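Contents: one structure, followed by commentary.
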Amino acid sequence: MQGFVDVIQGFLDLGATVILPVAIFLLGLFFGQKPGKAFRSGLTIGVAFVGIFLVIDLLVLNLGPAAQGMVDRLGVELNVIDVGWPATSSIAWASVVAAFIIPLGLVVNVIMLLTKTTKTMNVDIWNFWHYTFMAAMVYAISDSIIQGLIAAVLFQIVCLKVADWTAPMMSEFYELPGVSIATGSTISYAPGIFLVKGLQKIPGVKNWNSDPETIQKRFGIFGESIFIGLFLGAAIGALAGYGVGEVIEIGMAMAAVMVLMPRMVKILMEGLMPVSESAREWLNKRFGDREILIGLDAAVALGHPAVISTALILVPITVVLAVVLPGNAVLPFGDLATIPFIVAFIVGAARGNIVHSVIVGTIMIAISLYIATDVAPMFTQMAENADFDMPEGSAQISSIDQGGNIVNYIIYKFFSLFN
């Protein structure tokens, strides 16, 4: 069993830049594409994700030290460390239930497609670790592999249904037709869509409009995304107590993120569209006029400047929230750079309105901090069982991504009733 888990972990360690091209190539062949065309589609998508993750690395490498600088300046002392999604995923895959998740997840997805209970064909296998963590949490409290796998399936079903529900947003706002997002961390913030709808009905507040287009009209060239990135990056550097040179450096890095990310997403769509068209033709011949969506990593939504802008504003807000929220024990750190992923649906629902997105994002992150605090003892126990190296000086660990995941938390609490 452990050998099988190690093989799976080795495959997943290759990352989305290898897994997704292979999946797209096989899908292309399945839907009748010629091998050369299918290979080109997979290769193009792989190149796009290499570019996307290079830009994300640029974001992470700059935001991490800046966040630490803000924490140091505020003198924050909280005893639960946010270790981030990489550590969380490694803890998940160390569980005994890990070996079952990928084959089970693929079977569930196929069954739901055949029964027309989902339109999403989720090729984002790399992010199945979210389902694994769900299963590992329930296994930890129940000592039952069956319960753990049931919990993972429930989480996956929710993810696929939300992916279907939000697909029109991906097509209309993000201009990604035929694409859906079933990434567990993004799905967690889908309830924020209802908060956005409510906020946009409040007199006065509904008129607070600050989408990128409006900002550009008001400020001319200084309202372009490249200048917004420069300004927000420099502001974060200043809040972190950086010197002038470092402030300019992080400003330039964020300007680069704003410019490069949309270009990478365009390359991604260049590779994806031929496969989507082939899938549509293949299905129409056999099942009539039926829509099938390709489930991809939430990184594809980061191409919109409003997503990055909202996330950069929320970084210092999240640190301040950790200080002022009574009862919170989580020190945000590792997952601050994942904020663009978790606000994607909120920004889409707000149609790019940065003010509304920041307000709702603040509320949702506050909820996540409380959830991450509540599950910290269980999270820490799972880490110790996985022989995880605890951060120096930390009493407990958790994460905003999966430790603070709302859907994960509801399912976990449900199973807690029986264990």
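Ligands are numbered from 1 in the order shown, chains are lettered A, B, ... in the order of the structure tokens, and residues start at 1 in each chain.
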**Request:** Give me the residues within 8 Å of Val319 of chain A as a ChimeraX atom specification, counting only C-alpha atoms and dropping any in the same chain fewer than 6 places off.
**Result:** /A:67,70-71,331-332
**helix (DSSP H, G or I) residues, from DSSP on the backbone, in segment 158-212 of chain A, as number ranges by chain** = A: 158-172, 184-187, 192-199, 205-207, 212
Since we have the selection now, will you write its residues out, keeping C-alpha atoms, as a short mmCIF file (atom, residue, chain, number, x, y, z; two decimals), in the first residue's frame?
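Final output, selection39.cif:
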```
data_model
loop_
_atom_site.label_atom_id
_atom_site.label_comp_id
_atom_site.auth_asym_id
_atom_site.auth_seq_id
_atom_site.Cartn_x
_atom_site.Cartn_y
_atom_site.Cartn_z
CA VAL A 158 -19.93 19.77 -4.02
CA CYS A 159 -16.88 20.96 -5.98
CA LEU A 160 -18.26 19.64 -9.28
CA LYS A 161 -21.74 21.11 -8.71
CA VAL A 162 -20.30 24.51 -7.81
CA ALA A 163 -18.04 24.29 -10.87
CA ASP A 164 -21.13 23.78 -13.04
CA TRP A 165 -22.97 26.63 -11.31
CA THR A 166 -20.13 29.12 -11.77
CA ALA A 167 -19.26 28.12 -15.35
CA PRO A 168 -21.34 30.96 -16.90
CA MET A 169 -19.23 33.39 -14.84
CA MET A 170 -16.06 31.83 -16.24
CA SER A 171 -17.37 32.26 -19.79
CA GLU A 172 -18.92 35.72 -19.54
CA GLY A 184 -11.28 22.93 -3.51
CA SER A 185 -9.84 26.15 -2.11
CA THR A 186 -11.77 28.33 -4.60
CA ILE A 187 -15.00 26.40 -4.07
CA GLY A 192 -19.21 34.86 -1.01
CA ILE A 193 -21.21 35.08 -4.27
CA PHE A 194 -24.40 35.46 -2.22
CA LEU A 195 -22.77 38.14 -0.08
CA VAL A 196 -21.81 40.04 -3.23
CA LYS A 197 -25.40 39.87 -4.50
CA GLY A 198 -26.65 41.19 -1.16
CA LEU A 199 -24.04 43.94 -1.01
CA VAL A 205 -22.93 50.85 -1.39
CA LYS A 206 -24.11 49.36 -4.68
CA ASN A 207 -22.82 52.49 -6.43
CA PRO A 212 -10.29 48.18 -13.65
#
```
**Request:** Determine, counting only C-alpha atoms, which protein, DNA and RNA residues have an atom within 12 Å of an atom of Gln68 of chain A; residues of the same chain fewer than 6 positions away are not included. Present the result as a list in words.
**Result:** Leu61, Asn62, Leu74, Gly75, Val76, Ile81, Asp82, Ile236, Gly237, Leu239, Ala240, Gly241, Tyr242, Val315, Pro316, Val319, Leu331, Pro332, Phe333, Gly334 and Leu336 of chain A
Please produce a file of the residues just selected, as a short mmCIF file (atom, residue, chain, number, x, y, z; two decimals), in the first residue's frame, where the atoms kept are all heavy atoms.
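Written output follows (selection.cif):
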```cif
data_model
loop_
_atom_site.label_atom_id
_atom_site.label_comp_id
_atom_site.auth_asym_id
_atom_site.auth_seq_id
_atom_site.Cartn_x
_atom_site.Cartn_y
_atom_site.Cartn_z
N LEU A 61 7.14 34.75 -3.92
CA LEU A 61 8.47 35.13 -3.43
C LEU A 61 8.51 36.57 -2.94
O LEU A 61 9.35 36.93 -2.11
CB LEU A 61 9.51 34.91 -4.53
CG LEU A 61 9.79 33.46 -4.90
CD1 LEU A 61 10.71 33.37 -6.12
CD2 LEU A 61 10.40 32.71 -3.72
N ASN A 62 7.62 37.40 -3.45
CA ASN A 62 7.58 38.79 -3.01
C ASN A 62 6.61 39.02 -1.86
O ASN A 62 6.89 39.80 -0.96
CB ASN A 62 7.22 39.71 -4.19
CG ASN A 62 8.39 39.95 -5.12
OD1 ASN A 62 9.20 40.83 -4.90
ND2 ASN A 62 8.49 39.13 -6.16
N LEU A 74 3.98 44.69 13.36
CA LEU A 74 2.81 44.73 14.24
C LEU A 74 3.07 44.04 15.57
O LEU A 74 2.29 44.19 16.51
CB LEU A 74 1.60 44.08 13.55
CG LEU A 74 0.97 44.86 12.39
CD1 LEU A 74 -0.06 44.00 11.68
CD2 LEU A 74 0.30 46.13 12.92
N GLY A 75 4.16 43.27 15.64
CA GLY A 75 4.47 42.55 16.87
C GLY A 75 3.44 41.49 17.20
O GLY A 75 3.11 41.26 18.37
N VAL A 76 2.92 40.83 16.17
CA VAL A 76 1.87 39.83 16.35
C VAL A 76 2.43 38.58 17.03
O VAL A 76 3.47 38.07 16.62
CB VAL A 76 1.23 39.45 15.00
CG1 VAL A 76 0.12 38.43 15.21
CG2 VAL A 76 0.70 40.69 14.31
N ILE A 81 0.40 28.60 13.53
CA ILE A 81 1.07 29.08 12.33
C ILE A 81 0.36 28.56 11.07
O ILE A 81 0.08 27.36 10.95
CB ILE A 81 2.55 28.64 12.29
CG1 ILE A 81 3.27 29.09 13.56
CG2 ILE A 81 3.24 29.19 11.04
CD1 ILE A 81 3.32 30.58 13.75
N ASP A 82 0.06 29.46 10.13
CA ASP A 82 -0.48 29.07 8.83
C ASP A 82 0.68 28.55 7.97
O ASP A 82 1.51 29.33 7.51
CB ASP A 82 -1.14 30.31 8.19
CG ASP A 82 -1.43 30.13 6.70
OD1 ASP A 82 -1.56 28.98 6.27
OD2 ASP A 82 -1.52 31.16 6.00
N ILE A 236 2.39 47.65 -0.35
CA ILE A 236 2.66 46.49 0.51
C ILE A 236 4.10 46.55 1.03
O ILE A 236 4.36 46.27 2.21
CB ILE A 236 2.41 45.18 -0.26
CG1 ILE A 236 0.90 44.98 -0.46
CG2 ILE A 236 3.01 43.98 0.47
CD1 ILE A 236 0.55 43.79 -1.32
N GLY A 237 5.04 46.92 0.16
CA GLY A 237 6.43 47.06 0.59
C GLY A 237 6.60 48.11 1.67
O GLY A 237 7.34 47.92 2.63
N LEU A 239 4.24 49.08 3.82
CA LEU A 239 3.63 48.55 5.04
C LEU A 239 4.54 47.53 5.73
O LEU A 239 4.50 47.37 6.95
CB LEU A 239 2.28 47.90 4.72
CG LEU A 239 1.15 48.85 4.32
CD1 LEU A 239 -0.07 48.05 3.85
CD2 LEU A 239 0.75 49.74 5.50
N ALA A 240 5.36 46.86 4.92
CA ALA A 240 6.30 45.88 5.48
C ALA A 240 7.55 46.53 6.05
O ALA A 240 8.38 45.84 6.66
CB ALA A 240 6.69 44.87 4.40
N GLY A 241 7.67 47.85 5.87
CA GLY A 241 8.83 48.56 6.40
C GLY A 241 10.06 48.47 5.52
O GLY A 241 11.18 48.66 5.99
N TYR A 242 9.87 48.20 4.23
CA TYR A 242 11.00 48.08 3.31
C TYR A 242 11.64 49.45 3.06
O TYR A 242 11.01 50.50 3.20
CB TYR A 242 10.53 47.53 1.96
CG TYR A 242 10.24 46.04 1.94
CD1 TYR A 242 9.77 45.42 0.79
CD2 TYR A 242 10.45 45.24 3.06
CE1 TYR A 242 9.50 44.07 0.74
CE2 TYR A 242 10.20 43.88 3.03
CZ TYR A 242 9.72 43.29 1.87
OH TYR A 242 9.48 41.94 1.83
N VAL A 315 -4.10 41.24 1.41
CA VAL A 315 -2.95 40.71 2.16
C VAL A 315 -2.75 41.47 3.48
O VAL A 315 -2.75 40.85 4.56
CB VAL A 315 -1.67 40.74 1.30
CG1 VAL A 315 -0.43 40.50 2.17
CG2 VAL A 315 -1.73 39.70 0.20
N PRO A 316 -2.59 42.79 3.49
CA PRO A 316 -2.45 43.48 4.77
C PRO A 316 -3.73 43.41 5.61
O PRO A 316 -3.65 43.36 6.86
CB PRO A 316 -2.12 44.93 4.38
CG PRO A 316 -2.57 45.07 2.97
CD PRO A 316 -2.42 43.72 2.35
N VAL A 319 -3.69 40.21 7.63
CA VAL A 319 -2.77 40.29 8.77
C VAL A 319 -3.41 41.08 9.90
O VAL A 319 -3.35 40.68 11.08
CB VAL A 319 -1.43 40.93 8.35
CG1 VAL A 319 -0.53 41.12 9.57
CG2 VAL A 319 -0.73 40.07 7.30
N LEU A 331 -1.86 32.73 12.81
CA LEU A 331 -0.98 33.75 12.25
C LEU A 331 -0.88 33.52 10.75
O LEU A 331 -0.25 32.57 10.31
CB LEU A 331 0.41 33.67 12.89
CG LEU A 331 1.47 34.63 12.32
CD1 LEU A 331 1.08 36.08 12.57
CD2 LEU A 331 2.84 34.33 12.92
N PRO A 332 -1.50 34.36 9.92
CA PRO A 332 -1.47 34.16 8.46
C PRO A 332 -0.04 34.29 7.95
O PRO A 332 0.68 35.20 8.30
CB PRO A 332 -2.34 35.30 7.92
CG PRO A 332 -3.08 35.83 9.08
CD PRO A 332 -2.22 35.59 10.28
N PHE A 333 0.33 33.36 7.10
CA PHE A 333 1.64 33.44 6.48
C PHE A 333 1.69 32.64 5.18
O PHE A 333 1.66 33.19 4.09
CB PHE A 333 2.74 32.97 7.43
CG PHE A 333 4.12 33.07 6.83
CD1 PHE A 333 4.66 34.30 6.51
CD2 PHE A 333 4.86 31.93 6.57
CE1 PHE A 333 5.92 34.40 5.94
CE2 PHE A 333 6.12 32.01 5.99
CZ PHE A 333 6.66 33.26 5.68
N GLY A 334 1.72 31.32 5.29
CA GLY A 334 1.95 30.46 4.14
C GLY A 334 0.92 30.61 3.04
O GLY A 334 1.24 30.45 1.85
N LEU A 336 -1.02 33.35 2.38
CA LEU A 336 -1.33 34.72 1.93
C LEU A 336 -1.23 34.84 0.41
O LEU A 336 -1.99 35.59 -0.21
CB LEU A 336 -0.40 35.73 2.61
CG LEU A 336 -0.69 36.02 4.09
CD1 LEU A 336 0.40 36.92 4.67
CD2 LEU A 336 -2.05 36.68 4.26
#
```
With only C-alpha atoms as the counted atoms, please give the residues lying no more than 6 Å from segment 260-269 of chain A, apart from itself and same-chain residues fewer than 6 positions off, as a PDB file with N, CA and C atoms, in the first residue's frame.
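Output saved as out.pdb:
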```
ATOM      1  N   ILE A  45      -0.849  23.871 -23.521  1.00  0.00           N
ATOM      2  CA  ILE A  45      -1.391  24.057 -22.175  1.00  0.00           C
ATOM      3  C   ILE A  45      -0.288  23.896 -21.125  1.00  0.00           C
ATOM      4  N   ALA A  48       1.687  27.037 -21.115  1.00  0.00           N
ATOM      5  CA  ALA A  48       0.921  28.097 -20.458  1.00  0.00           C
ATOM      6  C   ALA A  48       0.999  27.974 -18.944  1.00  0.00           C
ATOM      7  N   GLY A  51       4.269  29.079 -17.570  1.00  0.00           N
ATOM      8  CA  GLY A  51       4.275  30.532 -17.451  1.00  0.00           C
ATOM      9  C   GLY A  51       3.448  31.019 -16.288  1.00  0.00           C
ATOM     10  N   ILE A  52       2.255  30.442 -16.111  1.00  0.00           N
ATOM     11  CA  ILE A  52       1.375  30.849 -15.014  1.00  0.00           C
ATOM     12  C   ILE A  52       2.046  30.630 -13.668  1.00  0.00           C
ATOM     13  N   VAL A 300      -6.316  29.761 -13.770  1.00  0.00           N
ATOM     14  CA  VAL A 300      -6.740  30.361 -15.036  1.00  0.00           C
ATOM     15  C   VAL A 300      -7.519  31.651 -14.823  1.00  0.00           C
ATOM     16  N   GLY A 303      -5.838  35.716 -14.509  1.00  0.00           N
ATOM     17  CA  GLY A 303      -5.482  36.610 -15.599  1.00  0.00           C
ATOM     18  C   GLY A 303      -6.215  37.932 -15.555  1.00  0.00           C
TER      19      GLY A 303
END
```
**Prompt:** Using only C-alpha atoms, which of the listed residues (A:Phe388, A:Tyr189, A:Phe345, A:Phe418) sits closest to Ile406 of chain A?
**Reply:** A:Tyr189
Shell of 7 Å around Ala311 of chain A, only C-alpha atoms, local chain residues under 4 positions omitted, as a short mmCIF file (atom, residue, chain, number, x, y, z; two decimals) with C-alpha atoms, in the first residue's frame:
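Writing the result to around_7.cif gives the following:
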```
data_model
loop_
_atom_site.label_atom_id
_atom_site.label_comp_id
_atom_site.auth_asym_id
_atom_site.auth_seq_id
_atom_site.Cartn_x
_atom_site.Cartn_y
_atom_site.Cartn_z
CA VAL A 307 -8.40 39.38 -9.04
CA VAL A 315 -2.95 40.71 2.16
CA ILE A 339 -5.60 34.73 -1.75
CA PRO A 340 -5.94 35.32 -5.54
#
```
**Prompt:** Got a sec: who's within 7 Å of Val138 of chain A, counting only C-alpha atoms, leaving out chain neighbours fewer than 2 positions off, as JSON, numbers by chain?
**Reply:** {"A": [134, 135, 136, 140, 141, 142, 147, 148, 151, 412, 415]}
**Request:** Give me, please, the distance in Å between atom CA of Ile359 of chain A and atom CA of Ile346 of chain A, quoted to one decimal.
**Result:** 10.0 Å
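Closest to Val96 of chain A among A:Tyr370, A:Tyr139, A:Phe379, A:Tyr409 is A:Tyr139, based on only C-alpha atoms.
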**Selection: 12 Å around Met137 of chain A, only C-alpha atoms, excl. self and same-chain fewer than 3 positions, as a ChimeraX atom specification** = /A:88,91-98,130-134,140-145,147-152,375-383,385,402-403,408-416,419
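Each of A:Leu296, A:Leu232, A:Ile363, A:Val275 was compared to Phe31 of chain A using only C-alpha atoms, and A:Val275 turns out to be the nearest.
From atom CA of Ile125 of chain A back to atom CA of Val360 of chain A, the distance works out to 29.3 Å.
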